[in-house]
Amino acid sequence: MKIAYFTHSLASCWNHGNAHFLRGVLRELIARGHEVHALEPEGSWSLANLRADHGDAGLDAYRAAYPELSSRTFRADVDPAELVDDADLVIMHEWNDPDLVAAIGRLRASDGRFTLLFHDTHHRAVSDPKAIRAFDLSGYDGVLAFGEALSEVYRRWGWGKRVWTWHEAADTRLFHPPAEEGPRSGLVWIGNWGDGERTQELEDFLFRPAEHAALPLDIYGVRYPKEALATLARHHVRYHGWAPNARAPEIFAHHLATVHVPRRYYSTILPGIPTIRIFEALACGIPLVSAPWQDAEQLFRSGTDYLTAADGTEVTRRLTALARDPALRAELTRNGLETIRARHTCAHRVDQLLAIVAGLTTKQLEDAA
(Lines give C-alpha, C1' and ligand atoms only; values in the text may rest on other atoms or scores of the structure.)
Protein backbone atom coordinates (compact mmCIF):
# COMPACT_ATOMS: atom_id res chain seq x y z
CA MET A 1 0.00 0.00 0.00
CA LYS A 2 1.19 3.51 -0.80
CA ILE A 3 0.66 5.90 2.11
CA ALA A 4 0.95 9.70 2.22
CA TYR A 5 1.00 11.43 5.61
CA PHE A 6 0.68 15.23 5.78
CA THR A 7 2.51 16.39 8.91
CA HIS A 8 3.62 19.72 10.30
CA SER A 9 7.12 18.26 10.35
CA LEU A 10 8.65 14.81 10.42
CA ALA A 11 12.21 16.10 10.64
CA SER A 12 11.72 18.38 13.64
CA CYS A 13 10.47 17.50 17.12
CA TRP A 14 11.08 21.04 18.43
CA ASN A 15 7.83 21.66 20.37
CA HIS A 16 6.17 19.15 18.04
CA GLY A 17 5.24 16.03 19.96
CA ASN A 18 3.37 14.35 17.11
CA ALA A 19 6.71 13.78 15.38
CA HIS A 20 7.59 11.23 18.09
CA PHE A 21 4.66 8.93 17.34
CA LEU A 22 4.66 9.57 13.62
CA ARG A 23 8.28 8.49 13.20
CA GLY A 24 7.59 5.21 14.96
CA VAL A 25 4.42 4.50 12.98
CA LEU A 26 5.97 5.30 9.61
CA ARG A 27 9.03 3.21 10.40
CA GLU A 28 6.80 0.27 11.32
CA LEU A 29 4.82 0.64 8.08
CA ILE A 30 8.03 0.69 6.06
CA ALA A 31 9.27 -2.43 7.87
CA ARG A 32 6.09 -4.19 6.77
CA GLY A 33 6.72 -3.36 3.13
CA HIS A 34 4.47 -0.33 2.63
CA GLU A 35 5.58 2.66 0.57
CA VAL A 36 5.48 5.70 2.83
CA HIS A 37 5.68 9.39 1.93
CA ALA A 38 5.80 12.10 4.60
CA LEU A 39 4.82 15.56 3.38
CA GLU A 40 5.49 18.75 5.31
CA PRO A 41 4.92 22.41 4.39
CA GLU A 42 7.82 24.66 3.55
CA GLY A 43 8.75 26.96 6.43
CA SER A 44 7.16 24.95 9.26
CA TRP A 45 7.70 26.81 12.54
CA SER A 46 9.02 23.72 14.34
CA LEU A 47 11.80 23.14 11.82
CA ALA A 48 12.50 26.87 11.54
CA ASN A 49 12.91 27.19 15.33
CA LEU A 50 15.08 24.09 15.51
CA ARG A 51 17.43 25.41 12.86
CA ALA A 52 17.48 28.88 14.41
CA ASP A 53 18.57 27.40 17.75
CA HIS A 54 20.87 24.58 16.62
CA GLY A 55 21.48 24.87 12.89
CA ASP A 56 21.32 21.87 10.60
CA ALA A 57 23.24 19.85 13.20
CA GLY A 58 20.05 19.85 15.26
CA LEU A 59 18.76 17.20 12.86
CA ASP A 60 21.71 14.85 13.33
CA ALA A 61 20.13 12.75 16.09
CA TYR A 62 16.94 12.27 14.07
CA ARG A 63 18.85 11.28 10.95
CA ALA A 64 21.02 8.81 12.84
CA ALA A 65 18.09 7.18 14.66
CA TYR A 66 15.74 7.02 11.65
CA PRO A 67 17.84 6.41 8.52
CA GLU A 68 14.86 4.94 6.68
CA LEU A 69 12.73 8.07 7.09
CA SER A 70 12.63 11.17 4.94
CA SER A 71 10.07 13.81 4.04
CA ARG A 72 9.17 15.96 1.08
CA THR A 73 8.70 19.68 1.62
CA PHE A 74 6.05 21.41 -0.45
CA ARG A 75 5.20 25.03 -1.22
CA ALA A 76 1.85 26.56 -0.39
CA ASP A 77 0.98 26.95 -4.09
CA VAL A 78 1.64 23.31 -5.01
CA ASP A 79 -1.02 21.31 -6.85
CA PRO A 80 -2.57 19.07 -4.14
CA ALA A 81 -3.11 16.31 -6.71
CA GLU A 82 0.63 16.16 -7.26
CA LEU A 83 1.17 15.57 -3.54
CA VAL A 84 -1.39 12.79 -3.27
CA ASP A 85 -0.34 11.24 -6.59
CA ASP A 86 -1.42 7.57 -6.61
CA ALA A 87 -1.59 7.01 -2.84
CA ASP A 88 -3.93 4.37 -1.46
CA LEU A 89 -4.14 5.97 1.98
CA VAL A 90 -3.77 9.65 2.87
CA ILE A 91 -3.67 10.89 6.47
CA MET A 92 -3.90 14.60 7.26
CA HIS A 93 -2.62 15.82 10.64
CA GLU A 94 -4.68 18.61 12.18
CA TRP A 95 -1.75 21.04 12.37
CA ASN A 96 -1.98 21.86 8.67
CA ASP A 97 -3.37 24.78 6.73
CA PRO A 98 -7.19 24.72 6.42
CA ASP A 99 -6.98 25.40 2.68
CA LEU A 100 -4.78 22.34 2.20
CA VAL A 101 -7.09 20.22 4.37
CA ALA A 102 -10.07 21.27 2.26
CA ALA A 103 -8.25 20.79 -1.05
CA ILE A 104 -7.26 17.19 -0.24
CA GLY A 105 -10.84 16.54 0.84
CA ARG A 106 -12.12 17.80 -2.51
CA LEU A 107 -9.73 15.46 -4.31
CA ARG A 108 -11.09 12.54 -2.32
CA ALA A 109 -14.68 13.54 -3.06
CA SER A 110 -14.05 14.03 -6.76
CA ASP A 111 -12.39 10.74 -7.69
CA GLY A 112 -12.45 8.47 -4.65
CA ARG A 113 -9.15 6.76 -5.46
CA PHE A 114 -7.79 6.81 -1.91
CA THR A 115 -8.91 6.51 1.68
CA LEU A 116 -8.61 9.83 3.51
CA LEU A 117 -8.34 10.22 7.30
CA PHE A 118 -7.98 13.27 9.54
CA HIS A 119 -5.61 12.80 12.52
CA ASP A 120 -6.23 14.92 15.63
CA THR A 121 -3.58 14.83 18.39
CA HIS A 122 -4.33 18.06 20.24
CA HIS A 123 -6.86 19.62 22.58
CA ARG A 124 -8.00 22.40 20.24
CA ALA A 125 -11.32 20.64 19.65
CA VAL A 126 -12.24 21.73 23.19
CA SER A 127 -9.82 24.61 23.87
CA ASP A 128 -10.35 26.33 20.49
CA PRO A 129 -13.22 24.50 18.77
CA LYS A 130 -13.65 27.21 16.13
CA ALA A 131 -10.17 26.42 14.82
CA ILE A 132 -11.06 22.75 14.30
CA ARG A 133 -14.61 23.37 13.09
CA ALA A 134 -13.11 25.68 10.47
CA PHE A 135 -11.63 22.64 8.72
CA ASP A 136 -13.74 21.37 5.82
CA LEU A 137 -13.71 17.63 6.45
CA SER A 138 -16.72 16.85 4.29
CA GLY A 139 -14.60 14.80 1.88
CA TYR A 140 -12.90 12.74 4.59
CA ASP A 141 -13.65 9.10 5.28
CA GLY A 142 -13.04 9.37 9.00
CA VAL A 143 -11.15 10.79 11.95
CA LEU A 144 -8.34 9.33 14.05
CA ALA A 145 -8.46 10.88 17.53
CA PHE A 146 -5.74 10.28 20.10
CA GLY A 147 -8.09 9.66 22.99
CA GLU A 148 -11.62 8.47 23.63
CA ALA A 149 -12.64 11.80 25.18
CA LEU A 150 -11.61 13.52 21.95
CA SER A 151 -13.41 10.89 19.88
CA GLU A 152 -16.57 11.74 21.82
CA VAL A 153 -16.24 15.36 20.70
CA TYR A 154 -16.19 14.28 17.06
CA ARG A 155 -19.14 11.95 17.62
CA ARG A 156 -21.11 14.91 18.96
CA TRP A 157 -20.15 16.73 15.78
CA GLY A 158 -21.80 14.00 13.72
CA TRP A 159 -18.96 11.62 12.88
CA GLY A 160 -20.61 8.66 14.58
CA LYS A 161 -18.84 5.39 13.76
CA ARG A 162 -16.41 7.18 11.44
CA VAL A 163 -14.14 8.28 14.31
CA TRP A 164 -11.62 5.90 15.85
CA THR A 165 -9.61 6.32 19.02
CA TRP A 166 -5.99 5.90 17.95
CA HIS A 167 -3.70 6.40 20.90
CA GLU A 168 -0.09 7.38 20.66
CA ALA A 169 2.47 4.72 21.58
CA ALA A 170 6.17 4.01 22.02
CA ASP A 171 8.53 3.29 19.16
CA THR A 172 10.19 0.35 20.88
CA ARG A 173 12.86 0.09 18.21
CA LEU A 174 14.29 3.24 19.80
CA PHE A 175 12.65 3.47 23.21
CA HIS A 176 13.85 0.55 25.30
CA PRO A 177 16.01 0.03 28.41
CA PRO A 178 19.77 0.42 27.96
CA ALA A 179 21.62 -2.69 26.83
CA GLU A 180 23.87 -2.30 29.86
CA GLU A 181 22.85 -0.53 33.04
CA GLY A 182 25.13 2.27 34.17
CA PRO A 183 25.05 4.69 37.09
CA ARG A 184 21.73 6.46 37.67
CA SER A 185 21.09 9.50 39.85
CA GLY A 186 18.49 12.20 40.33
CA LEU A 187 15.32 12.98 38.44
CA VAL A 188 14.67 14.01 34.88
CA TRP A 189 11.74 15.69 33.18
CA ILE A 190 11.58 16.12 29.42
CA GLY A 191 8.89 18.55 28.35
CA ASN A 192 8.15 22.01 27.04
CA TRP A 193 6.93 24.90 29.16
CA GLY A 194 4.13 25.53 26.68
CA ASP A 195 1.44 28.16 27.09
CA GLY A 196 0.85 28.19 30.83
CA GLU A 197 -1.23 25.01 30.67
CA ARG A 198 0.55 23.41 33.65
CA THR A 199 2.69 26.14 35.19
CA GLN A 200 1.36 25.72 38.73
CA GLU A 201 1.23 21.96 38.37
CA LEU A 202 4.93 21.81 37.49
CA GLU A 203 5.82 23.73 40.61
CA ASP A 204 3.48 21.71 42.83
CA PHE A 205 4.20 18.22 41.47
CA LEU A 206 7.77 18.45 40.18
CA PHE A 207 9.95 21.35 41.32
CA ARG A 208 9.04 21.45 45.01
CA PRO A 209 8.84 17.66 45.51
CA ALA A 210 12.25 17.15 43.89
CA GLU A 211 13.70 19.84 46.14
CA HIS A 212 12.03 18.43 49.27
CA ALA A 213 13.23 14.92 48.40
CA ALA A 214 16.77 16.31 48.00
CA LEU A 215 16.99 14.84 44.51
CA PRO A 216 18.71 16.84 41.76
CA LEU A 217 16.39 17.56 38.85
CA ASP A 218 17.41 17.88 35.19
CA ILE A 219 14.96 19.43 32.74
CA TYR A 220 15.03 19.40 28.93
CA GLY A 221 12.65 21.33 26.72
CA VAL A 222 11.88 24.56 24.88
CA ARG A 223 9.76 27.69 25.19
CA TYR A 224 10.85 28.48 28.74
CA PRO A 225 10.37 32.26 29.17
CA LYS A 226 12.42 34.35 31.61
CA GLU A 227 9.92 33.89 34.41
CA ALA A 228 10.03 30.10 33.93
CA LEU A 229 13.82 30.08 34.04
CA ALA A 230 13.67 32.17 37.21
CA THR A 231 11.35 29.57 38.75
CA LEU A 232 13.77 26.78 37.82
CA ALA A 233 16.67 28.69 39.35
CA ARG A 234 14.70 29.29 42.54
CA HIS A 235 14.22 25.53 42.91
CA HIS A 236 17.84 24.73 41.94
CA VAL A 237 16.76 22.90 38.78
CA ARG A 238 19.38 22.21 36.11
CA TYR A 239 17.96 23.38 32.78
CA HIS A 240 19.57 21.97 29.63
CA GLY A 241 17.40 23.43 26.87
CA TRP A 242 16.17 21.39 23.93
CA ALA A 243 17.14 17.77 23.44
CA PRO A 244 16.27 15.77 20.30
CA ASN A 245 13.62 13.19 21.08
CA ALA A 246 15.91 10.55 19.62
CA ARG A 247 18.21 11.18 22.59
CA ALA A 248 15.49 10.69 25.21
CA PRO A 249 16.31 7.00 25.90
CA GLU A 250 19.92 7.94 26.61
CA ILE A 251 18.81 10.74 28.93
CA PHE A 252 16.34 8.51 30.79
CA ALA A 253 19.06 5.89 31.24
CA HIS A 254 21.10 8.23 33.45
CA HIS A 255 18.32 8.99 35.95
CA LEU A 256 16.51 7.19 38.76
CA ALA A 257 12.99 8.34 37.92
CA THR A 258 10.79 10.78 36.06
CA VAL A 259 7.45 12.48 36.70
CA HIS A 260 4.31 12.77 34.57
CA VAL A 261 2.69 16.20 34.79
CA PRO A 262 -0.24 16.31 32.34
CA ARG A 263 -1.36 19.51 30.73
CA ARG A 264 -4.51 20.87 32.38
CA TYR A 265 -6.82 19.96 29.49
CA TYR A 266 -5.84 16.29 29.78
CA SER A 267 -6.61 16.15 33.47
CA THR A 268 -9.92 18.01 33.21
CA ILE A 269 -12.07 18.25 30.06
CA LEU A 270 -10.20 15.60 28.04
CA PRO A 271 -9.48 13.01 30.72
CA GLY A 272 -7.72 9.79 29.89
CA ILE A 273 -5.28 11.14 27.30
CA PRO A 274 -1.69 10.68 28.49
CA THR A 275 1.25 12.54 27.08
CA ILE A 276 3.43 10.40 24.84
CA ARG A 277 6.17 10.71 27.47
CA ILE A 278 4.40 8.09 29.62
CA PHE A 279 4.65 5.57 26.80
CA GLU A 280 8.26 6.51 26.06
CA ALA A 281 9.41 6.59 29.69
CA LEU A 282 7.88 3.22 30.57
CA ALA A 283 9.30 1.73 27.37
CA CYS A 284 12.74 2.90 28.49
CA GLY A 285 12.35 1.23 31.87
CA ILE A 286 12.54 4.36 34.02
CA PRO A 287 10.28 4.45 37.11
CA LEU A 288 7.59 7.11 36.90
CA VAL A 289 5.48 9.04 39.40
CA SER A 290 2.32 10.67 38.08
CA ALA A 291 0.54 13.81 39.18
CA PRO A 292 -3.27 13.42 39.40
CA TRP A 293 -4.55 12.06 36.13
CA GLN A 294 -7.58 9.90 35.42
CA ASP A 295 -6.67 6.91 33.27
CA ALA A 296 -10.26 6.76 32.03
CA GLU A 297 -9.49 4.17 29.35
CA GLN A 298 -7.39 1.95 31.61
CA LEU A 299 -4.38 2.13 29.32
CA PHE A 300 -2.09 1.33 32.23
CA ARG A 301 -2.22 -0.31 35.65
CA SER A 302 -2.21 2.66 37.99
CA GLY A 303 -0.04 1.98 41.02
CA THR A 304 1.53 -1.01 39.28
CA ASP A 305 3.10 0.37 36.11
CA TYR A 306 3.80 3.71 37.77
CA LEU A 307 3.21 5.36 41.15
CA THR A 308 0.43 7.87 41.68
CA ALA A 309 0.32 10.90 43.95
CA ALA A 310 -2.60 13.07 45.03
CA ASP A 311 -0.53 16.12 45.95
CA GLY A 312 3.01 17.42 46.13
CA THR A 313 3.62 15.98 49.56
CA GLU A 314 2.79 12.52 48.27
CA VAL A 315 5.04 13.02 45.24
CA THR A 316 7.88 13.79 47.65
CA ARG A 317 7.19 10.56 49.56
CA ARG A 318 7.08 8.55 46.33
CA LEU A 319 10.34 10.04 45.05
CA THR A 320 12.06 9.46 48.37
CA ALA A 321 10.93 5.82 48.35
CA LEU A 322 12.20 5.32 44.81
CA ALA A 323 15.58 6.81 45.66
CA ARG A 324 15.99 4.48 48.63
CA ASP A 325 14.49 1.25 47.30
CA PRO A 326 16.16 -0.47 44.31
CA ALA A 327 13.64 -3.33 44.51
CA LEU A 328 10.73 -0.89 44.07
CA ARG A 329 12.45 0.67 41.06
CA ALA A 330 13.03 -2.77 39.54
CA GLU A 331 9.41 -3.78 40.06
CA LEU A 332 8.06 -0.63 38.41
CA THR A 333 10.49 -1.04 35.51
CA ARG A 334 9.37 -4.62 34.96
CA ASN A 335 5.65 -3.80 35.19
CA GLY A 336 5.80 -0.74 32.94
CA LEU A 337 7.72 -2.62 30.26
CA GLU A 338 5.23 -5.46 30.40
CA THR A 339 2.29 -3.16 29.69
CA ILE A 340 4.04 -1.25 26.91
CA ARG A 341 5.16 -4.40 25.12
CA ALA A 342 1.73 -6.02 25.47
CA ARG A 343 -0.42 -3.05 24.41
CA HIS A 344 1.31 0.20 23.50
CA THR A 345 3.94 -0.13 20.79
CA CYS A 346 3.81 1.52 17.37
CA ALA A 347 3.35 -1.99 15.97
CA HIS A 348 0.07 -2.26 17.89
CA ARG A 349 -1.09 1.06 16.44
CA VAL A 350 -0.16 0.04 12.90
CA ASP A 351 -2.21 -3.15 13.34
CA GLN A 352 -5.16 -0.99 14.34
CA LEU A 353 -4.66 1.48 11.49
CA LEU A 354 -4.50 -1.25 8.85
CA ALA A 355 -7.66 -2.83 10.26
CA ILE A 356 -9.47 0.53 10.07
CA VAL A 357 -8.37 1.04 6.47
CA ALA A 358 -9.35 -2.51 5.50
CA GLY A 359 -12.83 -1.94 6.93
CA LEU A 360 -13.23 1.33 5.06
CA THR A 361 -11.97 -0.20 1.81
CA THR A 362 -14.46 -3.05 2.10
CA LYS A 363 -17.29 -0.59 2.68
CA GLN A 364 -16.21 1.53 -0.30
CA LEU A 365 -16.25 -1.54 -2.54
CA GLU A 366 -19.67 -2.54 -1.27
CA ASP A 367 -21.03 0.97 -1.84
CA ALA A 368 -19.64 0.97 -5.39
CA ALA A 369 -21.14 -2.45 -6.25
# chains A, B, ... in the order shown; residues from 1 in each chain; ligands from 1
$ residues_around --residues "Thr172 (chain A)" --least-positions-apart "3" --cutoff "10 Å" --atoms "only C-alpha atoms" --output "PyMOL selection string"
chain A and resi 24+169+175-177+279-280+283-284+340-341+344-347
$ residues_around --residues "Arg75 (chain A)" --least-positions-apart "4" --cutoff "9 Å" --atoms "only C-alpha atoms" --output "PyMOL selection string"
chain A and resi 41-43
$ write_last_selection --atoms "C-alpha atoms" --output "JSON list (two decimals), in the first residue's frame"
[["chain", "number", "residue", "atom", "x", "y", "z"],
["A", 41, "PRO", "CA", 4.92, 22.41, 4.39],
["A", 42, "GLU", "CA", 7.82, 24.66, 3.55],
["A", 43, "GLY", "CA", 8.75, 26.96, 6.43]]
$ closest_residue --among "A:Arg247, A:Arg317, A:Arg263, A:Arg277" --to "Phe21 (chain A)" --atoms "only C-alpha atoms"
A:Arg277
$ select_by_dssp --residues "region 293-360 of chain A" --states "helix (DSSP H, G or I)" --output "ChimeraX atom specification"
/A:312-324,326-343,346-360
$ residues_around --residues "Leu47 (chain A)" --least-positions-apart "2" --cutoff "7 Å" --atoms "only C-alpha atoms" --output "count of residues only"
8
$ closest_residue --among "A:Pro262, A:Pro287, A:Pro326, A:Gly312" --to "Leu187 (chain A)" --atoms "only C-alpha atoms"
A:Pro287
$ residues_around --residues "His16 (chain A)" --least-positions-apart "6" --cutoff "12 Å" --atoms "only C-alpha atoms" --output "PyMOL selection string"
chain A and resi 7-10+22-23+44-50+93+95+121-122+191-192+194+221-223+242+244-245+276
$ select_by_dssp --residues "region 174-309 of chain A" --states "strand (DSSP E)" --output "count of residues only"
19
$ closest_atom_pairs --of "region 136-175 of chain A" --to "region 56-73 of chain A" --cutoff "12 Å" --atoms "only C-alpha atoms" --output "Markdown table"
| residue | atom | partner | partner_atom | distance |
| --- | --- | --- | --- | --- |
| A:Asp171 | CA | A:Tyr66 | CA | 11.1 |
| A:Arg173 | CA | A:Ala65 | CA | 9.5 |
| A:Leu174 | CA | A:Ala65 | CA | 7.5 |
| A:Phe175 | CA | A:Ala65 | CA | 10.8 |
$ atom_distance --atom1 "CA of Gly182 (chain A)" --atom2 "CA of His254 (chain A)"
7.2 Å
$ residues_around --residues "region 294-297 of chain A" --least-positions-apart "4" --cutoff "7 Å" --atoms "only C-alpha atoms" --output "MDAnalysis selection string"
chainID A and resid 267 271:272
$ atom_distance --atom1 "CA of Asp311 (chain A)" --atom2 "CA of Tyr266 (chain A)"
17.0 Å
$ residues_around --residues "region 164-167 of chain A" --least-positions-apart "2" --cutoff "9 Å" --atoms "only C-alpha atoms" --output "PyMOL selection string"
chain A and resi 119+121+142-151+161-162+169+273-274+344+349+352-353+356
$ atom_distance --atom1 "CA of Ala342 (chain A)" --atom2 "CA of Val36 (chain A)"
25.8 Å
$ residues_around --residues "region 202-209 of chain A" --least-positions-apart "4" --cutoff "7 Å" --atoms "only C-alpha atoms" --output "JSON, numbers by chain"
{"A": [198, 213, 235, 259, 261, 291, 311, 312, 313, 315, 316]}
$ write_last_selection --atoms "N, CA and C atoms" --output "PDB file, in the first residue's frame"
ATOM      1  N   ARG A 198       0.249  24.209  32.470  1.00  0.00           N
ATOM      2  CA  ARG A 198       0.548  23.409  33.654  1.00  0.00           C
ATOM      3  C   ARG A 198       1.619  24.084  34.518  1.00  0.00           C
ATOM      4  N   ALA A 213      12.659  16.259  48.340  1.00  0.00           N
ATOM      5  CA  ALA A 213      13.231  14.915  48.403  1.00  0.00           C
ATOM      6  C   ALA A 213      14.753  14.934  48.288  1.00  0.00           C
ATOM      7  N   HIS A 235      14.326  26.890  42.388  1.00  0.00           N
ATOM      8  CA  HIS A 235      14.225  25.530  42.915  1.00  0.00           C
ATOM      9  C   HIS A 235      15.489  24.707  42.640  1.00  0.00           C
ATOM     10  N   VAL A 259       8.770  12.099  36.206  1.00  0.00           N
ATOM     11  CA  VAL A 259       7.446  12.476  36.704  1.00  0.00           C
ATOM     12  C   VAL A 259       6.557  12.836  35.524  1.00  0.00           C
ATOM     13  N   VAL A 261       3.506  15.042  34.423  1.00  0.00           N
ATOM     14  CA  VAL A 261       2.687  16.198  34.791  1.00  0.00           C
ATOM     15  C   VAL A 261       1.831  16.548  33.580  1.00  0.00           C
ATOM     16  N   ALA A 291       1.455  12.858  38.564  1.00  0.00           N
ATOM     17  CA  ALA A 291       0.538  13.807  39.181  1.00  0.00           C
ATOM     18  C   ALA A 291      -0.893  13.326  38.928  1.00  0.00           C
ATOM     19  N   ASP A 311      -1.005  14.753  45.744  1.00  0.00           N
ATOM     20  CA  ASP A 311      -0.525  16.121  45.949  1.00  0.00           C
ATOM     21  C   ASP A 311       1.005  16.117  45.994  1.00  0.00           C
ATOM     22  N   GLY A 312       1.559  17.309  46.140  1.00  0.00           N
ATOM     23  CA  GLY A 312       3.008  17.423  46.125  1.00  0.00           C
ATOM     24  C   GLY A 312       3.683  16.696  47.262  1.00  0.00           C
ATOM     25  N   THR A 313       3.041  16.689  48.414  1.00  0.00           N
ATOM     26  CA  THR A 313       3.615  15.981  49.560  1.00  0.00           C
ATOM     27  C   THR A 313       3.752  14.501  49.261  1.00  0.00           C
ATOM     28  N   VAL A 315       3.980  13.181  46.244  1.00  0.00           N
ATOM     29  CA  VAL A 315       5.036  13.025  45.243  1.00  0.00           C
ATOM     30  C   VAL A 315       6.394  12.937  45.939  1.00  0.00           C
ATOM     31  N   THR A 316       6.605  13.812  46.908  1.00  0.00           N
ATOM     32  CA  THR A 316       7.875  13.791  47.648  1.00  0.00           C
ATOM     33  C   THR A 316       8.099  12.429  48.296  1.00  0.00           C
TER      34      THR A 316
END
